[in-house]
Protein chains: 4
Amino acid sequence: MFPSHDLDFEGDELHEECGVFGIYAPGKEIARFTYFAIYALQHRGQEAAGIVTSDGHIAHVHKGMGLVSQIFNEDNLGHLDGHMGIGHTRYSTTGSSRLRNTQPYILETLDGPLAIGHNGNLINAPQLRRDLLERGVGLSTSTDSELIIHVLARTRGGTWFNRFRQLMAQLEGAYTLIILTRDGIFGIRDPWGLRPLVLGEMDGGYCLASESCAFSTIGAKMVREIEPGEIVRIDDKGYEIVAGLPPEQRAFCTFEQIYFARPDSILNGKLVHQVRQELGRQLAKEAPVDADIVVPVPDSGTPHAIGYAQQAGIPYSEGLIKSRYIGRTFIQPSDQLRKVGVAMKFNPLPDNLAGQRVVMVDDSIVRGNTSGPLVQLLRDAGASEVHVRVACPPIKFPCFMGVDMATQKELISAQKSLEEIRVHIGADSLAFLTVDGMMQALKSEDGYCNACFHGTYPFSTPIPYIELQEKHKFAGVWGG
Amino acid sequence: MFPSHDLDFEGDELHEECGVFGIYAPGKEIARFTYFAIYALQHRGQEAAGIVTSDGHIAHVHKGMGLVSQIFNEDNLGHLDGHMGIGHTRYSTTGSSRLRNTQPYILETLDGPLAIGHNGNLINAPQLRRDLLERGVGLSTSTDSELIIHVLARTRGGTWFNRFRQLMAQLEGAYTLIILTRDGIFGIRDPWGLRPLVLGEMDGGYCLASESCAFSTIGAKMVREIEPGEIVRIDDKGYEIVAGLPPEQRAFCTFEQIYFARPDSILNGKLVHQVRQELGRQLAKEAPVDADIVVPVPDSGTPHAIGYAQQAGIPYSEGLIKSRYIGRTFIQPSDQLRKVGVAMKFNPLPDNLAGQRVVMVDDSIVRGNTSGPLVQLLRDAGASEVHVRVACPPIKFPCFMGVDMATQKELISAQKSLEEIRVHIGADSLAFLTVDGMMQALKSEDGYCNACFHGTYPFSTPIPYIELQEKHKFAGVWGG
Amino acid sequence: MFPSHDLDFEGDELHEECGVFGIYAPGKEIARFTYFAIYALQHRGQEAAGIVTSDGHIAHVHKGMGLVSQIFNEDNLGHLDGHMGIGHTRYSTTGSSRLRNTQPYILETLDGPLAIGHNGNLINAPQLRRDLLERGVGLSTSTDSELIIHVLARTRGGTWFNRFRQLMAQLEGAYTLIILTRDGIFGIRDPWGLRPLVLGEMDGGYCLASESCAFSTIGAKMVREIEPGEIVRIDDKGYEIVAGLPPEQRAFCTFEQIYFARPDSILNGKLVHQVRQELGRQLAKEAPVDADIVVPVPDSGTPHAIGYAQQAGIPYSEGLIKSRYIGRTFIQPSDQLRKVGVAMKFNPLPDNLAGQRVVMVDDSIVRGNTSGPLVQLLRDAGASEVHVRVACPPIKFPCFMGVDMATQKELISAQKSLEEIRVHIGADSLAFLTVDGMMQALKSEDGYCNACFHGTYPFSTPIPYIELQEKHKFAGVWGG
Amino acid sequence: MFPSHDLDFEGDELHEECGVFGIYAPGKEIARFTYFAIYALQHRGQEAAGIVTSDGHIAHVHKGMGLVSQIFNEDNLGHLDGHMGIGHTRYSTTGSSRLRNTQPYILETLDGPLAIGHNGNLINAPQLRRDLLERGVGLSTSTDSELIIHVLARTRGGTWFNRFRQLMAQLEGAYTLIILTRDGIFGIRDPWGLRPLVLGEMDGGYCLASESCAFSTIGAKMVREIEPGEIVRIDDKGYEIVAGLPPEQRAFCTFEQIYFARPDSILNGKLVHQVRQELGRQLAKEAPVDADIVVPVPDSGTPHAIGYAQQAGIPYSEGLIKSRYIGRTFIQPSDQLRKVGVAMKFNPLPDNLAGQRVVMVDDSIVRGNTSGPLVQLLRDAGASEVHVRVACPPIKFPCFMGVDMATQKELISAQKSLEEIRVHIGADSLAFLTVDGMMQALKSEDGYCNACFHGTYPFSTPIPYIELQEKHKFAGVWGG
């Protein structure tokens, strides 16, 4: 049971672990462009950020904890010289939320400065870590990125492309990498294509980003998405894309489409907002209901709700207002305030709801600790019926590829039947989108990772569950 | 002319000058409740904030520049003891944006500590200032609040209610005050009722706030709005409301309804979200157009657009995504980036717009520097027609009662005809809501200040234009 | 009894309450000169500092808590424009050690910006405070300086000189004031001359300072000391000195000579280092002893010990090394460390001490909690005899004129006889300088305040003991 | 030429590069003891500091730029748990003065957390760096310490003692190391014994420090100095000292005796203060002069001057007062102030000097930019003659073992004859101590490195001059 007094103030949200960006553009203010780009990627990580710039000989770095806007100022940006740069914005769980773990990670090597920003999680990180330690490499962080840079530093021979191929052959899991070298910026996308990476073009240069939404902010235009297994280089000769590893069966993270990506980004060739509307439309087809208004759980459920409303022919409206600011505070609500529960973050709009039969559309339910109180808020505000519609299937399995999903024990859909959940959240009816319906809306031929829904992970080797779960403990070998 | 290369990165937004809060609740964590309350009022001022708490003998204060979440931490909150408190969150123009001008303003007096938080602007501030200086009172800030506390410190006789009546008799302009005294918390609303003030009740105490949205955050419920000219006291005997000055003709700021207040607040007995939808509906009646979709200028235009869509029977959708973060940064876009213009803050959703005849609904147009680029964004994203509908009348006159409206020279509606503006922003059609229509939607019997639309200010004495405009220069007598 | 386990980590030092500085020098970098000047006056107060500069119209201020070098940086100094400025460095007791109490205190008045820096304590502050509060003046700090500026703001008529005379007529106690006005910088020294004030000249301007040591730091030369009751103005016409109040019987604080002032300052026409050597010589005459070496209690006892050694014909050496850094830390020694006692701050030099009969010369003994452990340190390091010689008389009465002397209950000489103190500190012999001997060394005709030695204060009105002792409680009406 | 208008505000001081400390004491507040110990070692480095503590499994670290008292507070100390710890305080030249270069350096290894604090400079650092890079080790700092920890991480086999022997065999140069391992704290002193290391004992544990002055601060007592080539372990079994490498010909840095060490430390079995007095006495024997008083250049020349005065039978006095604070400021004197020269830092005491024939004793002359202005100050203050006596020989060669000596071009004694220097500084006479005389005072049988005086370095392999001089440039590969 999830008794109502046990409300999690932090809400029922998933957390992605990173956004990356790279730029090669002589004559441009590299640091400032990188700043605004990772600012636009802030939704992919709010706990730390960093920028590295270079002229090929000397690299400059500034990193910090907090929001991009808190970390950088005119003064520290002013020291970040060069004609190329990379940026990173990071989410992390509390245990390893430390300055030493911020990225990009930077090292001096025989080939000059090397800096890496990483989005994703390696499932063979424990093995890589053990290998490096056994070879006498000391490690100073608990991040995959440090492992990657040490593995890379050990590769030998010829071109960067060759060395990256050697690197990729040793990595298993989700990795979108942005790498600053003496000779240019490189981007790598793992052969499953778990995390996105896009190439952009601007007056006088090129850039790489986790999502295309970063491009419009700096006046760049999307060239194309980097495909699974590809390596891309941007430098003064333009851009070059080569095959790194042969692509595996495509396994793009479905949750990028459902929740993580900004609605104005383009993934798999389609605008995310449109995809989410389509998910909502599919949901309306699968689980219609006789009702008066459709309201989203803001802000992430809005496009899904718009799609649902359009398909169902039921008026769309807003029924819940989310405080723009609550949630970014570091002040803990005490016991006196914890009782207030979701009302600290959401206010109902009674005039829109009174006497109405309401469809409440959410993008997903993870732990299920927010839906119940929201249903109650709507009823208290006068809704005569509350029908909950969820624009993705029940989440039953944890993610090991970069999403901070709860453990299986916490996942409500892994613990309860649909009817039990409905009773738990107090809805008049409840429906999740089916996996098939979701795939129809997303176009299954694009190839998705649905491991969190059905438990089949995209890798040939088994997941080292225990080691990965101990990761944060391992990382806790020291603080700082 | 407002040439398009002169885009203002700061956007075309109005700024309110303050949010206030007070609480009397023995046994509650006063500082923490006040924190979350002013956090919920953050939209009323993002430049500075402060909290004063007291046990009636000793008062504690912490103030700072920035967002509420940046100013307070567990440590400084922990020092704010007492059973009552007041909080303030502030917007200010650059000139006077200094720590010394943060509120609440606090003084020791013969009657113990006295602290004041003020929302509004006094039009007789220059006169009060001169009077005090001539009586040999030195002043340490450029705020109205310091003038008010000094005037109050000079009042004599009997009860606090009597002294506040003497105070009110000397003030002209907009003032919602929250005052912490030795004996309890008081709230005062000016006799014109220009700015809002509401009374709330909670388990074990009472509270006062600029808007009711602050109440749900801390588990309080609204008792009633404080009426123009009223004084309210909350203390250990409960609450008491008395007449301070006889009410003048009601002149509640229309822009609280149109833009400032949070949509989940209740003003004049009605939910703001509902009022805004009604403004949108009225706009649809007055200025219908044959179109395919209605999109808001996010976020503030959303309820108006929903109302317009419902009345017009045209599907509502989102057409523009606003970066959640851009705009709070202190990094200035350089010339290279300034060219990017509104695209730094807004991204269009081409799939929703392509080939569509679009109604773009905005809550207001002030300087008119954003509408044009937005129309262009929609067209570039494929819209075949763009019809701009504005849910308030043309703004032609500056405000002297607490809204940082541009000078008349900058107000586009004071400088151009409707058709000139249409051409300027490149819309296929343009319509503003009429004053009559707006009053019908708002219910004119509630009494509104529409000075910014027609130039008639609610006061019997004339506005000392020049002195008020020199205020910031005056305030600039010293920095720090 | 002062048991040895009750060692005060803070040591047995007296604290002066302020250093002041003023400069009028068009074309000079006023802020930077003021910075280095108050840096040179840092020994007069290490808890807070501030600088105000002005061009006569606009004043700029920056203040903060901590050391001068911690408060100011190139950035905030860069904003302090103008051709004149004043600076202040402050010591304060814990209770009122708050940002709001930092100086200079600045107000806007009818006559432009007015800023004041104050060194000293008013004995009629409680009365002035009461008067102001009764006249309806609210007060925002617990400082004398705010009282003074409010009293000044109320004076009327004619010239600044006239207004300052009116001000002085209302003040009783110790006050050296530096005042920045629209028209120039003024200095005032109270008619008893309790605290020092000197006038300096530099290429292109004039300056005023608590001590002449500030002058050499900025390349200025001393013109003359300001006499008791005088007012001095520095502006673009040069300097002008007038009588403010007729001088009272001179009562210059003896402790400026004994301990407070820097040894390289000139007071009453003589170098302080020389005066202290003379005190040591007199002590050697009054209390000779058969011994092998003379060692000072560093650093303040060094000149006295040099004088003693020279007069006695006994070799001078160092016997104790004082940690340069310990004492400025804010980390509290825990109980485990507190046992270490004075050894945390002083280390003996055994090779200099072994088998020697030692004269340990200290400038003063206040609470007596350090002398005993130091005697023990010397013995442990091998001294065969330890004779303590104190270069001032026994302190028996508290100071109300700006020195943070302990209350009478804590003053060891007020509680114990000479022999009891000797036993308490474990010395072989103990002698204090006599008041007569001290006056002979200092030249009594210069006129000194010896209230702390014999309890006769220099004022005609009695000291309001109780009110003054409650001052900090009073000031504690609020925090911040 | 060193024209007098080219005065270096930073003075003519040498800078040591580090102080180290280690403690193993279950039940003690390790962080607090380490804090006060490195506080007592603050004179060995004022630019950065750090503390690592551990319980053998988990290590905690806090490091920062600035003074020890600025870096640590109750909050961050409170997180440093464990029963053992090491601390480091650091001086560094501007180029590499960055947070990333602070120590202790910490890594996770197969054998648990490993942290190192280093005092000294390796002369084979360029070679070690190249070797590591070639083996594919990426480096994240420009410090020797990171090289050492990586070399150590690669050693294999058996005990820590064995591994440290392998490590030592690969290091050439000055290295006093404090190493925190899972199993206890270790100390290593290079076989030349260039930098000091002492073992202390306290109630419940043991500690290691650069200098014994750190012990008294925390109530510990010195057990013995660690000899060249020795390794010491402190853990729960007590302490154990073993031979690491066979000692080379002893080469203890003479400048530790002359200048670096605190006068209350014990080096080579003797109190430093006593050694310095002895140097002064020897100087008086070698270079007597007919004079009236002996004054030191404060503060470092004081013991030498006392010794000179005692030997010469001339009265000791103070003639120059050094501002206690000037020199720690980060505010740069502008051109206007730079003209003020040494007077910003030193004030003469005219009453002590007028008409006197003065012997000014300094511990050393490096660039020679301060002596001239000081001689002038003394003359301006009335000295009839000024005889300069320097308590060490002329410095003619740079140091590569951890002292930030100027390059040879800047060393005045490498560029000018004795008579030229005398003329340059304007002294009536000038004498340096001879190397032989110095060795007699220091007892040459103890074995000293006098490379800076005669250019013979203690190593069998030649010094890689060019690489070492490029070190800072090399380090500049990136900022941060």
# chains A, B, ... in the order shown; residues from 1 in each chain; ligands from 1
>>> residues_around(residues="Gly280 of chain B", least_positions_apart="3", cutoff="9 Å", atoms="only C-alpha atoms", output="ChimeraX atom specification")
/B:275-277,283-285,303-311,361,363,389-391,433,441
>>> write_last_selection(atoms="C-alpha atoms", output="PDB file, in the first residue's frame")
ATOM      1  CA  VAL B 275     -11.852  34.912 -15.802  1.00  0.00           C
ATOM      2  CA  ARG B 276      -9.161  34.614 -18.437  1.00  0.00           C
ATOM      3  CA  GLN B 277     -11.103  32.001 -20.349  1.00  0.00           C
ATOM      4  CA  LEU B 283     -12.625  38.152 -27.658  1.00  0.00           C
ATOM      5  CA  ALA B 284     -13.952  35.351 -29.881  1.00  0.00           C
ATOM      6  CA  LYS B 285     -17.348  37.020 -29.874  1.00  0.00           C
ATOM      7  CA  PRO B 303      -6.354  30.246 -20.591  1.00  0.00           C
ATOM      8  CA  HIS B 304      -7.399  33.061 -22.900  1.00  0.00           C
ATOM      9  CA  ALA B 305      -6.701  30.823 -25.907  1.00  0.00           C
ATOM     10  CA  ILE B 306      -8.669  27.947 -24.387  1.00  0.00           C
ATOM     11  CA  GLY B 307     -11.644  30.298 -23.933  1.00  0.00           C
ATOM     12  CA  TYR B 308     -11.313  31.652 -27.436  1.00  0.00           C
ATOM     13  CA  ALA B 309     -11.153  28.151 -28.902  1.00  0.00           C
ATOM     14  CA  GLN B 310     -14.166  26.959 -26.969  1.00  0.00           C
ATOM     15  CA  GLN B 311     -16.272  29.965 -27.955  1.00  0.00           C
ATOM     16  CA  VAL B 361      -3.960  34.452 -28.784  1.00  0.00           C
ATOM     17  CA  ASP B 363      -2.910  38.178 -23.170  1.00  0.00           C
ATOM     18  CA  ARG B 389      -6.020  38.185 -31.090  1.00  0.00           C
ATOM     19  CA  VAL B 390      -5.171  40.069 -27.914  1.00  0.00           C
ATOM     20  CA  ALA B 391      -7.261  39.470 -24.803  1.00  0.00           C
ATOM     21  CA  LEU B 433     -10.470  43.143 -26.902  1.00  0.00           C
ATOM     22  CA  ALA B 441     -16.202  39.637 -19.098  1.00  0.00           C
TER      23      ALA B 441
END
>>> closest_atom_pairs(of="chain B", to="chain A", cutoff="6 Å", atoms="only C-alpha atoms", output="CSV")
residue,atom,partner,partner_atom,distance
B:Ser69,CA,A:Thr329,CA,5.3
B:Ser216,CA,A:Ala343,CA,5.9
B:Thr217,CA,A:Met344,CA,4.0
B:Gly219,CA,A:Val340,CA,5.3
B:Thr329,CA,A:Ser69,CA,5.2
B:Val340,CA,A:Gly219,CA,5.3
B:Ala343,CA,A:Thr217,CA,5.8
B:Met344,CA,A:Thr217,CA,4.0
>>> write_last_selection(atoms="C-alpha atoms", output="short mmCIF file (atom, residue, chain, number, x, y, z; two decimals), in the first residue's frame")
data_model
loop_
_atom_site.label_atom_id
_atom_site.label_comp_id
_atom_site.auth_asym_id
_atom_site.auth_seq_id
_atom_site.Cartn_x
_atom_site.Cartn_y
_atom_site.Cartn_z
CA SER B 69 14.99 29.38 -3.37
CA SER B 216 -3.00 25.77 -0.74
CA THR B 217 0.76 25.41 -0.68
CA GLY B 219 -2.55 23.79 3.72
CA THR B 329 19.74 33.60 -17.14
CA VAL B 340 18.61 34.67 -33.13
CA ALA B 343 13.91 31.77 -31.38
CA MET B 344 16.10 31.74 -28.28
#
>>> residues_around(residues="segment 116-129 of chain D", least_positions_apart="4", cutoff="8 Å", atoms="only C-alpha atoms", output="VMD selection string")
chain D and resid 17 to 20 86 to 88 103 to 106 133 144 to 145 147 149 171 to 180 194 to 195 400 to 403 463 to 464 467 to 468 471
>>> write_last_selection(atoms="N, CA and C atoms", output="compact mmCIF listing (two decimals), in the first residue's frame")
# COMPACT_ATOMS: atom_id res chain seq x y z
N GLU D 17 56.98 25.18 -0.93
CA GLU D 17 55.78 24.72 -1.62
C GLU D 17 54.79 23.91 -0.81
N CYS D 18 55.01 23.49 0.39
CA CYS D 18 53.97 22.72 1.06
C CYS D 18 54.25 22.39 2.52
N GLY D 19 53.16 22.15 3.23
CA GLY D 19 53.21 21.55 4.55
C GLY D 19 52.30 20.33 4.57
N VAL D 20 52.75 19.26 5.25
CA VAL D 20 51.94 18.04 5.30
C VAL D 20 51.71 17.61 6.74
N ILE D 86 44.77 12.93 6.71
CA ILE D 86 45.96 13.67 6.30
C ILE D 86 45.54 15.06 5.85
N GLY D 87 46.46 16.00 5.96
CA GLY D 87 46.17 17.36 5.56
C GLY D 87 47.34 17.94 4.79
N HIS D 88 47.05 18.97 4.03
CA HIS D 88 48.07 19.55 3.17
C HIS D 88 47.81 21.04 3.05
N GLN D 103 45.95 19.63 -3.00
CA GLN D 103 46.20 18.32 -2.45
C GLN D 103 45.46 18.19 -1.12
N PRO D 104 45.36 17.05 -0.50
CA PRO D 104 45.85 15.75 -0.97
C PRO D 104 45.14 15.31 -2.26
N TYR D 105 45.87 14.55 -3.06
CA TYR D 105 45.32 13.95 -4.26
C TYR D 105 44.79 12.58 -3.85
N ILE D 106 43.59 12.24 -4.32
CA ILE D 106 42.96 11.01 -3.86
C ILE D 106 42.47 10.18 -5.04
N LEU D 133 52.12 8.95 -19.54
CA LEU D 133 51.32 9.27 -20.72
C LEU D 133 51.54 8.21 -21.81
N ASP D 144 53.18 16.94 -9.16
CA ASP D 144 53.98 15.74 -8.92
C ASP D 144 53.17 14.68 -8.20
N SER D 145 52.28 15.15 -7.34
CA SER D 145 51.55 14.23 -6.48
C SER D 145 50.72 13.26 -7.30
N LEU D 147 51.42 12.25 -10.29
CA LEU D 147 52.36 11.29 -10.86
C LEU D 147 52.70 10.21 -9.84
N ILE D 149 51.05 9.17 -7.22
CA ILE D 149 49.96 8.24 -6.89
C ILE D 149 49.75 7.24 -8.03
N LEU D 171 61.60 7.57 -7.87
CA LEU D 171 61.50 9.02 -7.65
C LEU D 171 62.88 9.62 -7.43
N GLU D 172 63.10 10.77 -8.03
CA GLU D 172 64.35 11.48 -7.77
C GLU D 172 64.01 12.94 -7.49
N GLY D 173 64.52 13.43 -6.38
CA GLY D 173 64.23 14.82 -6.04
C GLY D 173 63.80 14.90 -4.58
N ALA D 174 63.13 16.01 -4.27
CA ALA D 174 62.71 16.23 -2.89
C ALA D 174 61.30 15.70 -2.72
N TYR D 175 61.11 14.79 -1.78
CA TYR D 175 59.76 14.35 -1.51
C TYR D 175 59.60 13.90 -0.07
N THR D 176 58.83 14.68 0.65
CA THR D 176 58.30 14.21 1.92
C THR D 176 56.84 13.92 1.63
N LEU D 177 56.45 12.64 1.84
CA LEU D 177 55.10 12.21 1.48
C LEU D 177 54.33 11.78 2.73
N ILE D 178 53.05 12.13 2.74
CA ILE D 178 52.13 11.56 3.73
C ILE D 178 51.08 10.83 2.93
N ILE D 179 50.88 9.54 3.23
CA ILE D 179 50.00 8.72 2.43
C ILE D 179 48.94 8.07 3.31
N LEU D 180 47.68 8.28 2.91
CA LEU D 180 46.59 7.61 3.61
C LEU D 180 46.21 6.36 2.84
N LEU D 194 65.76 16.08 1.94
CA LEU D 194 65.68 17.50 1.57
C LEU D 194 64.64 18.28 2.37
N ARG D 195 63.49 17.65 2.61
CA ARG D 195 62.44 18.33 3.37
C ARG D 195 62.24 17.60 4.69
N PHE D 400 65.50 23.51 -7.58
CA PHE D 400 64.56 22.66 -8.30
C PHE D 400 63.91 21.66 -7.36
N MET D 401 64.06 21.90 -6.05
CA MET D 401 63.59 20.91 -5.09
C MET D 401 62.45 21.44 -4.22
N GLY D 402 61.72 22.38 -4.73
CA GLY D 402 60.52 22.78 -3.99
C GLY D 402 60.50 24.21 -3.51
N VAL D 403 61.53 24.97 -3.78
CA VAL D 403 61.52 26.38 -3.39
C VAL D 403 61.33 27.22 -4.64
N ILE D 463 70.33 17.71 -13.58
CA ILE D 463 69.02 18.38 -13.50
C ILE D 463 68.52 18.65 -14.92
N PRO D 464 67.31 18.23 -15.27
CA PRO D 464 66.77 18.54 -16.60
C PRO D 464 66.22 19.97 -16.62
N GLU D 467 63.28 21.24 -19.14
CA GLU D 467 61.98 20.64 -18.90
C GLU D 467 61.35 21.16 -17.62
N LEU D 468 62.16 21.28 -16.58
CA LEU D 468 61.61 21.74 -15.31
C LEU D 468 61.15 23.19 -15.40
N LYS D 471 57.83 23.52 -16.87
CA LYS D 471 56.79 22.81 -16.16
C LYS D 471 55.47 23.58 -16.13
>>> residues_around(residues="segment 355-358 of chain A", least_positions_apart="2", cutoff="8 Å", atoms="only C-alpha atoms", output="list in words")
Asp290, Ala291, Asp292, Ile293, Val294, Val295, Asn352, Leu353, Met360, Gly382, Ala383, Ser384, Glu385, Val386 and His387 of chain A
>>> residues_around(residues="segment 199-211 of chain C", least_positions_apart="4", cutoff="6 Å", atoms="only C-alpha atoms", output="PyMOL selection string")
chain C and resi 19-25+220-225+265
>>> select_by_dssp(residues="segment 407-464 of chain B", states="strand (DSSP E)", output="list in words")
Ser429, Leu430, Ala431, Phe432, Tyr448 and Cys449 of chain B
>>> closest_residue(among="B:Ala261, B:Val289, B:Ile395, B:Ile226", to="Tyr239 of chain B", atoms="only C-alpha atoms")
B:Ile226
>>> residues_around(residues="segment 407-419 of chain C", least_positions_apart="4", cutoff="6 Å", atoms="only C-alpha atoms", output="compact mmCIF listing (two decimals) with N, CA and C atoms, in the first residue's frame")
# COMPACT_ATOMS: atom_id res chain seq x y z
N VAL C 366 44.22 41.60 31.88
CA VAL C 366 42.81 41.95 32.00
C VAL C 366 42.10 40.90 32.84
N ARG C 367 41.75 39.78 32.26
CA ARG C 367 41.09 38.73 33.03
C ARG C 367 42.09 37.82 33.74
N GLY C 368 43.30 37.82 33.26
CA GLY C 368 44.33 37.02 33.93
C GLY C 368 44.30 35.55 33.58
N PRO C 394 47.15 47.91 37.46
CA PRO C 394 46.02 46.96 37.51
C PRO C 394 44.73 47.59 36.99
N ILE C 395 44.01 46.86 36.13
CA ILE C 395 42.74 47.35 35.57
C ILE C 395 41.62 46.92 36.50
N LYS C 396 40.91 47.90 37.03
CA LYS C 396 39.91 47.57 38.05
C LYS C 396 38.50 48.01 37.69
N PHE C 397 38.37 48.82 36.66
CA PHE C 397 37.05 49.36 36.35
C PHE C 397 36.74 49.22 34.86
N PRO C 398 35.49 48.98 34.51
CA PRO C 398 35.13 48.83 33.09
C PRO C 398 35.21 50.15 32.33
>>> select_by_dssp(residues="segment 9-173 of chain C", states="helix (DSSP H, G or I)", output="MDAnalysis selection string")
chainID C and resid 30:40 42:44 68:71 74:78 94:96 99:101 125:134 144:154 160:170
>>> write_last_selection(atoms="C-alpha atoms", output="short mmCIF file (atom, residue, chain, number, x, y, z; two decimals), in the first residue's frame")
data_model
loop_
_atom_site.label_atom_id
_atom_site.label_comp_id
_atom_site.auth_asym_id
_atom_site.auth_seq_id
_atom_site.Cartn_x
_atom_site.Cartn_y
_atom_site.Cartn_z
CA ILE C 30 39.62 57.18 -3.87
CA ALA C 31 38.31 53.67 -3.28
CA ARG C 32 41.72 52.06 -3.60
CA PHE C 33 43.40 54.59 -1.34
CA THR C 34 40.66 54.16 1.23
CA TYR C 35 41.00 50.41 0.96
CA PHE C 36 44.71 50.40 1.74
CA ALA C 37 44.21 52.95 4.50
CA ILE C 38 41.60 50.92 6.39
CA TYR C 39 43.70 47.86 5.68
CA ALA C 40 46.46 49.60 7.63
CA GLN C 42 42.76 46.65 10.46
CA HIS C 43 44.21 46.22 13.97
CA ARG C 44 41.45 48.54 15.25
CA VAL C 68 39.00 44.25 4.87
CA SER C 69 40.75 41.89 2.45
CA GLN C 70 37.78 39.53 2.49
CA ILE C 71 35.13 42.21 1.97
CA GLU C 74 38.51 44.61 -7.64
CA ASP C 75 34.88 44.34 -8.70
CA ASN C 76 33.17 46.06 -5.79
CA LEU C 77 35.98 48.61 -5.42
CA GLY C 78 35.47 49.43 -9.08
CA THR C 94 29.16 39.00 19.39
CA GLY C 95 25.66 40.22 20.21
CA SER C 96 25.62 43.03 17.74
CA LEU C 99 25.81 43.32 8.76
CA ARG C 100 23.21 45.93 9.63
CA ASN C 101 25.53 47.38 12.24
CA ALA C 125 23.41 56.87 23.83
CA PRO C 126 20.49 55.38 25.81
CA GLN C 127 19.10 58.87 26.35
CA LEU C 128 19.58 59.89 22.70
CA ARG C 129 17.95 56.66 21.60
CA ARG C 130 14.96 57.21 23.85
CA ASP C 131 14.62 60.81 22.67
CA LEU C 132 14.66 59.82 19.03
CA LEU C 133 12.19 56.97 19.50
CA GLU C 134 9.88 59.28 21.41
CA ASP C 144 25.69 54.99 18.17
CA SER C 145 26.43 56.05 14.63
CA GLU C 146 22.81 55.82 13.57
CA LEU C 147 21.82 57.94 16.56
CA ILE C 148 24.42 60.53 15.62
CA ILE C 149 23.32 60.74 12.01
CA HIS C 150 19.69 61.17 13.03
CA VAL C 151 20.58 63.87 15.54
CA LEU C 152 22.66 65.56 12.85
CA ALA C 153 19.86 65.32 10.28
CA ARG C 154 17.72 67.34 12.70
CA TRP C 160 28.16 72.49 8.38
CA PHE C 161 30.45 73.80 11.11
CA ASN C 162 27.44 75.29 12.88
CA ARG C 163 25.45 72.13 12.53
CA PHE C 164 28.30 70.03 13.86
CA ARG C 165 28.57 72.32 16.85
CA GLN C 166 24.87 71.72 17.54
CA LEU C 167 25.51 68.01 17.18
CA MET C 168 28.49 67.99 19.52
CA ALA C 169 26.47 69.82 22.13
CA GLN C 170 24.14 66.83 22.29
#
>>> atom_distance(atom1="atom CA of Met65 of chain C", atom2="atom CA of Glu47 of chain C")
5.8 Å
